[in-house]
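Colleague: Contents of run-v6.csv (CSV, C-alpha atoms and all ligand atoms) are given next:
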```
chain,number,residue,atom,x,y,z
A,1,MET,CA,55.8,80.2,-11.7
A,2,ALA,CA,54.1,80.7,-8.4
A,3,THR,CA,50.7,81.1,-10.0
A,4,ASN,CA,51.0,77.4,-10.7
A,5,VAL,CA,51.4,76.1,-7.2
A,6,HIS,CA,47.9,74.7,-7.3
A,7,TYR,CA,48.3,73.1,-10.7
A,8,GLN,CA,51.6,71.7,-9.7
A,9,ALA,CA,49.7,70.1,-6.9
A,10,VAL,CA,47.2,68.7,-9.4
A,11,ILE,CA,50.0,67.5,-11.6
A,12,PHE,CA,51.6,65.7,-8.7
A,13,LEU,CA,48.4,63.7,-8.7
A,14,PHE,CA,48.8,62.4,-12.1
A,15,CYS,CA,52.4,61.9,-12.8
A,16,CYS,CA,54.6,63.7,-10.3
A,17,VAL,CA,57.4,63.6,-12.8
A,18,MET,CA,59.1,65.7,-15.4
A,19,LEU,CA,58.3,64.6,-18.8
A,20,SER,CA,60.2,65.1,-22.0
A,21,ALA,CA,58.9,64.9,-25.5
A,22,GLY,CA,57.9,61.5,-26.7
A,23,LEU,CA,57.6,60.0,-23.2
A,24,GLN,CA,54.4,58.6,-21.8
A,25,VAL,CA,53.2,58.2,-18.2
A,26,GLU,CA,51.2,55.3,-17.1
A,27,VAL,CA,49.4,55.7,-13.9
A,28,LYS,CA,49.6,52.4,-12.1
A,29,SER,CA,47.7,53.5,-9.0
A,30,LEU,CA,46.2,56.5,-7.5
A,31,LYS,CA,45.0,56.2,-4.0
A,32,TYR,CA,43.2,58.6,-1.7
A,33,CYS,CA,44.8,58.7,1.7
A,34,GLY,CA,43.0,61.7,3.3
A,35,PRO,CA,40.3,61.9,5.9
A,36,PRO,CA,37.2,59.7,5.1
A,37,ASP,CA,35.0,61.4,2.5
A,38,LYS,CA,32.0,59.4,1.1
A,39,THR,CA,31.5,62.0,-1.6
A,40,LEU,CA,34.9,61.7,-3.0
A,41,LYS,CA,34.9,61.1,-6.8
A,42,TYR,CA,37.4,61.9,-9.5
A,43,LYS,CA,37.7,61.6,-13.2
A,44,VAL,CA,40.8,62.1,-15.3
A,45,SER,CA,40.9,61.7,-19.1
A,46,PRO,CA,42.7,60.4,-20.9
A,47,TRP,CA,43.5,57.6,-18.4
A,48,PRO,CA,45.6,55.7,-17.3
A,49,VAL,CA,48.1,56.5,-20.1
A,50,ILE,CA,49.0,60.2,-20.6
A,51,THR,CA,51.4,61.4,-23.2
A,52,ASP,CA,52.9,64.9,-23.3
A,53,ALA,CA,50.8,65.6,-26.4
A,54,ASP,CA,47.5,65.0,-24.5
A,55,SER,CA,45.3,67.7,-23.2
A,56,VAL,CA,44.2,66.4,-19.8
A,57,ASN,CA,40.8,67.0,-18.2
A,58,PHE,CA,40.3,66.6,-14.5
A,59,THR,CA,37.3,66.7,-12.2
A,60,VAL,CA,37.2,66.1,-8.5
A,61,THR,CA,34.3,66.1,-6.1
A,62,PHE,CA,35.0,66.3,-2.4
A,63,THR,CA,33.6,67.4,1.0
A,64,PRO,CA,36.1,68.9,3.3
A,65,ALA,CA,35.9,67.8,7.0
A,66,ARG,CA,37.3,71.1,8.2
A,67,ASP,CA,37.0,74.7,7.0
A,68,ILE,CA,39.8,75.7,4.7
A,69,PHE,CA,41.1,79.3,4.6
A,70,SER,CA,44.6,78.6,3.7
A,71,LEU,CA,46.6,75.7,2.4
A,72,SER,CA,50.0,74.3,2.6
A,73,LEU,CA,51.3,71.2,0.8
A,74,PHE,CA,53.7,68.5,1.5
A,75,GLY,CA,54.9,66.4,-1.4
A,76,ASN,CA,57.5,63.8,-1.9
A,77,VAL,CA,58.5,61.8,-5.0
A,78,THR,CA,60.7,58.8,-5.3
A,79,LYS,CA,62.3,57.4,-8.5
A,80,ASP,CA,63.1,53.8,-8.5
A,81,GLY,CA,62.9,53.8,-4.7
A,82,LYS,CA,65.2,56.9,-4.1
A,83,THR,CA,63.7,60.2,-2.9
A,84,ILE,CA,64.2,62.9,-5.5
A,85,ILE,CA,61.8,65.6,-4.3
A,86,GLU,CA,60.6,66.5,-0.8
A,87,ARG,CA,58.8,69.8,-0.4
A,88,ASN,CA,56.8,71.7,2.2
A,89,LYS,CA,55.2,74.8,0.7
A,90,GLU,CA,52.7,77.4,1.7
A,91,VAL,CA,50.2,78.0,-1.1
A,92,ASN,CA,49.9,81.7,-1.9
A,93,CYS,CA,46.1,82.0,-1.7
A,94,SER,CA,46.1,85.4,-3.3
A,95,TYR,CA,47.0,83.6,-6.6
A,96,VAL,CA,44.3,81.0,-6.2
A,97,PRO,CA,41.5,82.4,-4.1
A,98,HIS,CA,39.0,79.8,-5.2
A,99,HIS,CA,41.2,77.1,-4.0
A,100,CYS,CA,41.6,78.4,-0.5
A,101,ASN,CA,38.0,79.0,0.6
A,102,PHE,CA,36.0,75.9,1.4
A,103,SER,CA,33.5,75.3,4.2
A,104,ALA,CA,33.4,72.1,6.2
A,105,ASP,CA,30.6,69.7,5.2
A,106,GLU,CA,29.9,71.4,1.9
A,107,THR,CA,30.4,69.4,-1.3
A,108,TYR,CA,32.5,71.0,-4.0
A,109,THR,CA,33.3,70.0,-7.5
A,110,LEU,CA,36.4,71.4,-9.2
A,111,THR,CA,37.0,71.0,-12.9
A,112,LYS,CA,40.1,71.8,-14.9
A,113,THR,CA,40.3,71.2,-18.6
A,114,GLY,CA,43.2,71.5,-21.0
A,115,LEU,CA,46.0,70.7,-18.5
A,116,HIS,CA,49.3,69.7,-20.0
A,117,ILE,CA,51.9,67.6,-18.3
A,118,TYR,CA,55.1,69.5,-17.7
A,119,ASN,CA,57.6,69.2,-20.3
A,120,PHE,CA,60.9,69.4,-18.5
A,121,SER,CA,64.4,68.1,-19.2
A,122,PRO,CA,66.3,66.0,-18.5
A,123,ILE,CA,64.6,62.9,-19.5
A,124,PHE,CA,63.4,60.7,-16.7
A,125,LYS,CA,62.4,57.1,-17.2
A,126,GLY,CA,61.5,54.8,-14.4
A,127,LYS,CA,59.0,54.1,-11.7
A,128,PHE,CA,57.9,57.0,-9.6
A,129,GLU,CA,55.9,57.0,-6.4
A,130,ALA,CA,54.5,60.2,-5.0
A,131,THR,CA,52.6,61.5,-2.0
A,132,LEU,CA,50.8,64.8,-1.8
A,133,ILE,CA,49.2,66.1,1.3
A,134,LEU,CA,47.3,69.3,1.7
A,135,PHE,CA,47.0,70.9,5.1
A,136,ASN,CA,44.6,73.7,6.2
A,137,GLN,CA,45.4,76.6,8.5
A,138,GLU,CA,45.2,74.3,11.6
A,139,GLN,CA,47.7,71.9,10.0
A,140,PHE,CA,44.9,69.4,9.7
A,141,SER,CA,45.4,67.1,6.7
A,142,VAL,CA,42.5,67.8,4.4
A,143,PHE,CA,43.5,65.9,1.3
A,144,CYS,CA,46.1,63.2,0.6
A,145,VAL,CA,46.8,61.2,-2.5
A,146,GLN,CA,49.5,58.7,-3.3
A,147,SER,CA,50.3,57.5,-6.8
A,148,VAL,CA,52.6,55.2,-8.6
A,149,VAL,CA,53.4,55.9,-12.2
A,150,VAL,CA,55.7,54.5,-14.8
A,151,VAL,CA,57.4,56.7,-17.3
A,152,SER,CA,58.6,55.0,-20.5
B,201,LIG,C1,38.3,67.8,-22.4
B,201,LIG,O1,37.3,68.8,-22.3
B,201,LIG,C2,37.1,69.5,-23.5
B,201,LIG,C3,36.1,70.6,-23.2
B,201,LIG,O2,35.1,70.2,-22.3
B,201,LIG,C4,36.6,68.5,-24.5
B,201,LIG,O3,36.4,69.2,-25.7
B,201,LIG,C5,37.7,67.5,-24.7
B,201,LIG,O4,37.3,66.5,-25.7
B,201,LIG,C6,38.0,66.8,-23.4
B,201,LIG,N1,39.2,66.0,-23.6
B,201,LIG,C7,39.3,64.7,-23.1
B,201,LIG,C8,40.6,64.0,-23.4
B,201,LIG,O5,38.4,64.2,-22.4
B,202,LIG,C1,56.4,60.5,1.7
B,202,LIG,O1,55.6,61.1,2.7
B,202,LIG,C2,54.6,60.2,3.2
B,202,LIG,C3,53.7,60.9,4.1
B,202,LIG,O2,54.4,61.6,5.1
B,202,LIG,C4,55.3,59.0,3.9
B,202,LIG,O3,54.3,58.1,4.4
B,202,LIG,C5,56.2,58.3,2.9
B,202,LIG,O4,57.0,57.3,3.6
B,202,LIG,C6,57.2,59.3,2.3
B,202,LIG,N1,58.0,58.7,1.3
B,202,LIG,C7,59.3,58.8,1.3
B,202,LIG,C8,60.0,58.0,0.3
B,202,LIG,O5,59.9,59.5,2.1
B,203,LIG,C1,51.3,86.3,-2.7
B,203,LIG,O1,51.0,86.9,-3.9
B,203,LIG,C2,50.8,88.3,-3.9
B,203,LIG,C3,50.5,88.8,-5.3
B,203,LIG,O2,49.5,88.1,-5.8
B,203,LIG,C4,52.1,88.9,-3.4
B,203,LIG,O3,51.9,90.3,-3.3
B,203,LIG,C5,52.5,88.4,-2.0
B,203,LIG,O4,53.8,88.9,-1.7
B,203,LIG,C6,52.6,86.8,-2.1
B,203,LIG,N1,52.9,86.3,-0.8
B,203,LIG,C7,53.9,85.5,-0.6
B,203,LIG,C8,54.0,85.0,0.9
B,203,LIG,O5,54.6,85.1,-1.4
B,204,LIG,C1,34.5,82.4,0.3
B,204,LIG,O1,33.4,81.8,-0.1
B,204,LIG,C2,32.2,82.4,0.4
B,204,LIG,C3,31.0,81.5,0.0
B,204,LIG,O2,31.2,81.0,-1.3
B,204,LIG,C4,32.1,83.8,-0.1
B,204,LIG,O3,30.9,84.4,0.4
B,204,LIG,C5,33.3,84.6,0.4
B,204,LIG,O4,33.3,85.9,-0.1
B,204,LIG,C6,34.6,83.9,-0.1
B,204,LIG,N1,35.7,84.6,0.6
B,204,LIG,C7,36.8,84.9,-0.1
B,204,LIG,C8,37.9,85.5,0.7
B,204,LIG,O5,37.0,84.6,-1.3
```
What would the structure in this file look like if it were written as structure tokens?
Ligand SMILES: *[C@@H]1O[C@H](CO)[C@@H](O)[C@H](O)[C@H]1NC(C)=O
Ligand SMILES: *[C@@H]1O[C@H](CO)[C@@H](O)[C@H](O)[C@H]1NC(C)=O
Ligand SMILES: *[C@@H]1O[C@H](CO)[C@@H](O)[C@H](O)[C@H]1NC(C)=O
Ligand SMILES: *[C@@H]1O[C@H](CO)[C@@H](O)[C@H](O)[C@H]1NC(C)=O

Modeller:
Amino acid sequence: MATNVHYQAVIFLFCCVMLSAGLQVEVKSLKYCGPPDKTLKYKVSPWPVITDADSVNFTVTFTPARDIFSLSLFGNVTKDGKTIIERNKEVNCSYVPHHCNFSADETYTLTKTGLHIYNFSPIFKGKFEATLILFNQEQFSVFCVQSVVVVS
């Protein structure tokens, strides 16, 4: 539900797709496209192949260039070249207060363990490309990632 807005954002990072039992996701590329950040580091395990049985751990270190008091996200996903999802959404910060309160020029590390890929139907197989951009209260793009994954 709405409590999951942030995690949906994180999941966009990995796989951006709805996954059914028995499928696996292979991350072909994951590219940071946000403002320059020399401190940026991330680690995802397992990697780059994630199955729906996996418990996924995720760590990201970053230094925002601007203060962040509120977040909105833009995301799009294409399947085999055709847009299937395009969303603009305000993140409800009262659900995720720790994810809406960052000071510019401070370095933060966020860790999340035990994430599971969404297990939705119907089955999707194919090549997916996704973009996720997070904006702060000034509509400044504070974080952007693009990924290409193959679901088989
Ligand atoms: C994820 O983190 C947990 C707790 O730190 C650890 O027990 C587990 O082995 C990790 N799993 C992977 C796939 O790295
Ligand atoms: C998704 O959004 C990004 C950023 O605005 C844009 O560069 C890209 O072309 C979009 N992709 C599609 C398929 O609309
Ligand atoms: C945000 O969540 C709170 C409860 O945690 C709720 O009262 C409020 O209406 C929500 N705001 C929006 C814009 O959905
Ligand atoms: C934001 O973070 C600062 C420093 O960590 C803390 O002092 C402040 O209470 C936090 N504000 C909210 C609304 O959580």

Colleague: Write as a list in words the residues around ligand LIG 201 (chain B), taking 7 Å as the cut-off and counting all atoms listed in the file.

Modeller: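 So, counting all atoms listed in the file, the residues near ligand LIG 201 (chain B) are Ser45, Pro46, Ser55, Val56, Asn57, Thr113 and Gly114 of chain A.
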
Colleague: Please give me, as a ChimeraX atom specification, the residues lying within 12 Å of ligand LIG 204 (chain B) when counting only C-alpha atoms and all ligand atoms.

Modeller: /A:67-70,93-104,106-108

Colleague: Store the residues picked out above in a file with C-alpha atoms, as a CSV table (one decimal), in the coordinates of the input.

Modeller:
```csv
chain,number,residue,atom,x,y,z
A,67,ASP,CA,37.0,74.7,7.0
A,68,ILE,CA,39.8,75.7,4.7
A,69,PHE,CA,41.1,79.3,4.6
A,70,SER,CA,44.6,78.6,3.7
A,93,CYS,CA,46.1,82.0,-1.7
A,94,SER,CA,46.1,85.4,-3.3
A,95,TYR,CA,47.0,83.6,-6.6
A,96,VAL,CA,44.3,81.0,-6.2
A,97,PRO,CA,41.5,82.4,-4.1
A,98,HIS,CA,39.0,79.8,-5.2
A,99,HIS,CA,41.2,77.1,-4.0
A,100,CYS,CA,41.6,78.4,-0.5
A,101,ASN,CA,38.0,79.0,0.6
A,102,PHE,CA,36.0,75.9,1.4
A,103,SER,CA,33.5,75.3,4.2
A,104,ALA,CA,33.4,72.1,6.2
A,106,GLU,CA,29.9,71.4,1.9
A,107,THR,CA,30.4,69.4,-1.3
A,108,TYR,CA,32.5,71.0,-4.0
```

Colleague: Find the residues around A:Val77 up to 7 Å (all atoms listed in the file counted), leave out those fewer than 3 positions away in its own chain, and share them as a list in words.

Modeller: Cys16, Thr83, Ile84, Ile85, Glu86, Phe128, Glu129, Ala130 and Thr131 of chain A

Colleague: Next, write the just-selected residues to a file, as a PDB file, keeping the file's coordinate frame, keeping C-alpha atoms as the atom set.

Modeller:
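Generated output (result.pdb):
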```pdb
ATOM      1  CA  CYS A  16      54.600  63.700 -10.300  1.00  0.00           C
ATOM      2  CA  THR A  83      63.700  60.200  -2.900  1.00  0.00           C
ATOM      3  CA  ILE A  84      64.200  62.900  -5.500  1.00  0.00           C
ATOM      4  CA  ILE A  85      61.800  65.600  -4.300  1.00  0.00           C
ATOM      5  CA  GLU A  86      60.600  66.500  -0.800  1.00  0.00           C
ATOM      6  CA  PHE A 128      57.900  57.000  -9.600  1.00  0.00           C
ATOM      7  CA  GLU A 129      55.900  57.000  -6.400  1.00  0.00           C
ATOM      8  CA  ALA A 130      54.500  60.200  -5.000  1.00  0.00           C
ATOM      9  CA  THR A 131      52.600  61.500  -2.000  1.00  0.00           C
TER      10      THR A 131
END
```

Colleague: Write out as a list in words which residues come within 8 Å of A:Val49 when counting only C-alpha atoms, dropping same-chain ones fewer than 6 positions away.

Modeller: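 Skipping anything fewer than 6 positions along the chain leaves Gln24, Val25, Glu26 and Val27 of chain A.
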
Colleague: Take the point (55.3, 58.4, -17.4) as written in the file and pick out every residue within 8 Å of it, counting only C-alpha atoms; give the list as a list in words.

Modeller: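 These residues have at least one counted atom within 8 Å: Cys15, Val17, Leu19, Leu23, Gln24, Val25, Glu26, Val27, Val49, Ile50, Thr51, Lys125, Gly126, Val149, Val150, Val151 and Ser152 of chain A.
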
Colleague: Could you pull out the residues sitting within 12 Å of ligand LIG 202 (chain B), using all atoms listed in the file, and write them as a PyMOL selection string?

Modeller: chain A and resi 33-34+73-88+128-135+141+143-148

Colleague: Between A:Ser29, A:Gln137, A:Thr63, A:Ser72, which residue has the minimum interatomic distance to A:Asp105, considering all atoms listed in the file?

Modeller: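 Smallest separation from A:Asp105 among the options: A:Thr63.
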
Colleague: Closest to ligand LIG 203 (chain B) among A:Val91, A:Asp52, A:Tyr32, A:Tyr42, using all atoms listed in the file?

Modeller: A:Val91

Colleague: Do you have the atom C5 of ligand LIG 203 (chain B)-atom CA of A:Asn92 distance handy?

Modeller: 7.2 Å

Colleague: In the coordinate frame of the file, compute which residues have an atom within 9 Å of (34.7, 71.1, -14.1) when using all atoms listed in the file, and state them as a PyMOL selection string.

Modeller: chain A and resi 57-60+109-113

Colleague: Separation of atom CA of A:Glu90 and atom CA of A:Leu71, in Å?

Modeller: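 Pair atom CA of A:Glu90 / atom CA of A:Leu71 returns 6.4 Å.
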
Colleague: Complete stretch 141-152 of chain A at the level of all heavy atoms, written as a compact mmCIF listing (two decimals), in the frame of the given file.

Modeller:
```
# COMPACT_ATOMS: atom_id res chain seq x y z
N SER A 141 45.28 67.65 8.05
CA SER A 141 45.40 67.10 6.70
C SER A 141 44.04 67.00 6.07
O SER A 141 43.19 66.25 6.52
CB SER A 141 46.08 65.73 6.81
OG SER A 141 45.74 64.97 5.69
N VAL A 142 43.79 67.80 5.03
CA VAL A 142 42.50 67.80 4.40
C VAL A 142 42.38 67.00 3.16
O VAL A 142 41.28 66.68 2.69
CB VAL A 142 42.00 69.29 4.12
CG1 VAL A 142 41.66 70.01 5.42
CG2 VAL A 142 43.02 70.06 3.32
N PHE A 143 43.52 66.65 2.60
CA PHE A 143 43.50 65.90 1.30
C PHE A 143 44.85 65.21 1.20
O PHE A 143 45.88 65.80 1.50
CB PHE A 143 43.29 66.87 0.17
CG PHE A 143 42.92 66.21 -1.14
CD1 PHE A 143 41.62 65.83 -1.37
CD2 PHE A 143 43.89 65.97 -2.10
CE1 PHE A 143 41.26 65.21 -2.57
CE2 PHE A 143 43.54 65.37 -3.31
CZ PHE A 143 42.23 64.99 -3.54
N CYS A 144 44.81 63.96 0.78
CA CYS A 144 46.10 63.20 0.60
C CYS A 144 45.89 62.24 -0.51
O CYS A 144 44.86 61.55 -0.59
CB CYS A 144 46.37 62.50 1.94
SG CYS A 144 47.67 61.25 1.83
N VAL A 145 46.85 62.20 -1.40
CA VAL A 145 46.80 61.20 -2.50
C VAL A 145 48.23 60.60 -2.61
O VAL A 145 49.24 61.26 -2.38
CB VAL A 145 46.40 61.72 -3.84
CG1 VAL A 145 44.91 61.95 -3.91
CG2 VAL A 145 47.17 62.95 -4.25
N GLN A 146 48.23 59.34 -3.00
CA GLN A 146 49.50 58.70 -3.30
C GLN A 146 49.35 58.01 -4.66
O GLN A 146 48.30 57.43 -4.96
CB GLN A 146 49.77 57.59 -2.24
CG GLN A 146 50.09 58.22 -0.89
CD GLN A 146 50.44 57.20 0.17
OE1 GLN A 146 49.68 56.27 0.39
NE2 GLN A 146 51.57 57.40 0.82
N SER A 147 50.39 58.11 -5.45
CA SER A 147 50.30 57.50 -6.80
C SER A 147 51.60 56.82 -7.14
O SER A 147 52.67 57.14 -6.61
CB SER A 147 49.94 58.55 -7.82
OG SER A 147 50.97 59.48 -7.94
N VAL A 148 51.45 55.86 -8.02
CA VAL A 148 52.60 55.20 -8.60
C VAL A 148 52.45 55.27 -10.09
O VAL A 148 51.39 54.97 -10.64
CB VAL A 148 52.59 53.67 -8.18
CG1 VAL A 148 53.76 52.94 -8.84
CG2 VAL A 148 52.65 53.52 -6.67
N VAL A 149 53.49 55.76 -10.75
CA VAL A 149 53.40 55.90 -12.20
C VAL A 149 54.71 55.36 -12.81
O VAL A 149 55.76 55.35 -12.18
CB VAL A 149 53.21 57.36 -12.64
CG1 VAL A 149 51.99 57.96 -11.99
CG2 VAL A 149 54.43 58.19 -12.37
N VAL A 150 54.57 54.92 -14.05
CA VAL A 150 55.70 54.50 -14.80
C VAL A 150 55.90 55.34 -16.01
O VAL A 150 54.95 55.55 -16.76
CB VAL A 150 55.59 52.98 -15.17
CG1 VAL A 150 56.69 52.56 -16.12
CG2 VAL A 150 55.60 52.11 -13.91
N VAL A 151 57.08 55.87 -16.16
CA VAL A 151 57.40 56.70 -17.30
C VAL A 151 58.25 55.90 -18.27
O VAL A 151 59.26 55.33 -17.87
CB VAL A 151 58.16 57.99 -16.88
CG1 VAL A 151 58.50 58.85 -18.10
CG2 VAL A 151 57.36 58.77 -15.87
N SER A 152 57.79 55.83 -19.52
CA SER A 152 58.60 55.00 -20.50
C SER A 152 58.64 55.79 -21.82
O SER A 152 57.98 56.80 -22.00
CB SER A 152 57.95 53.67 -20.69
OG SER A 152 56.62 53.81 -21.11
```
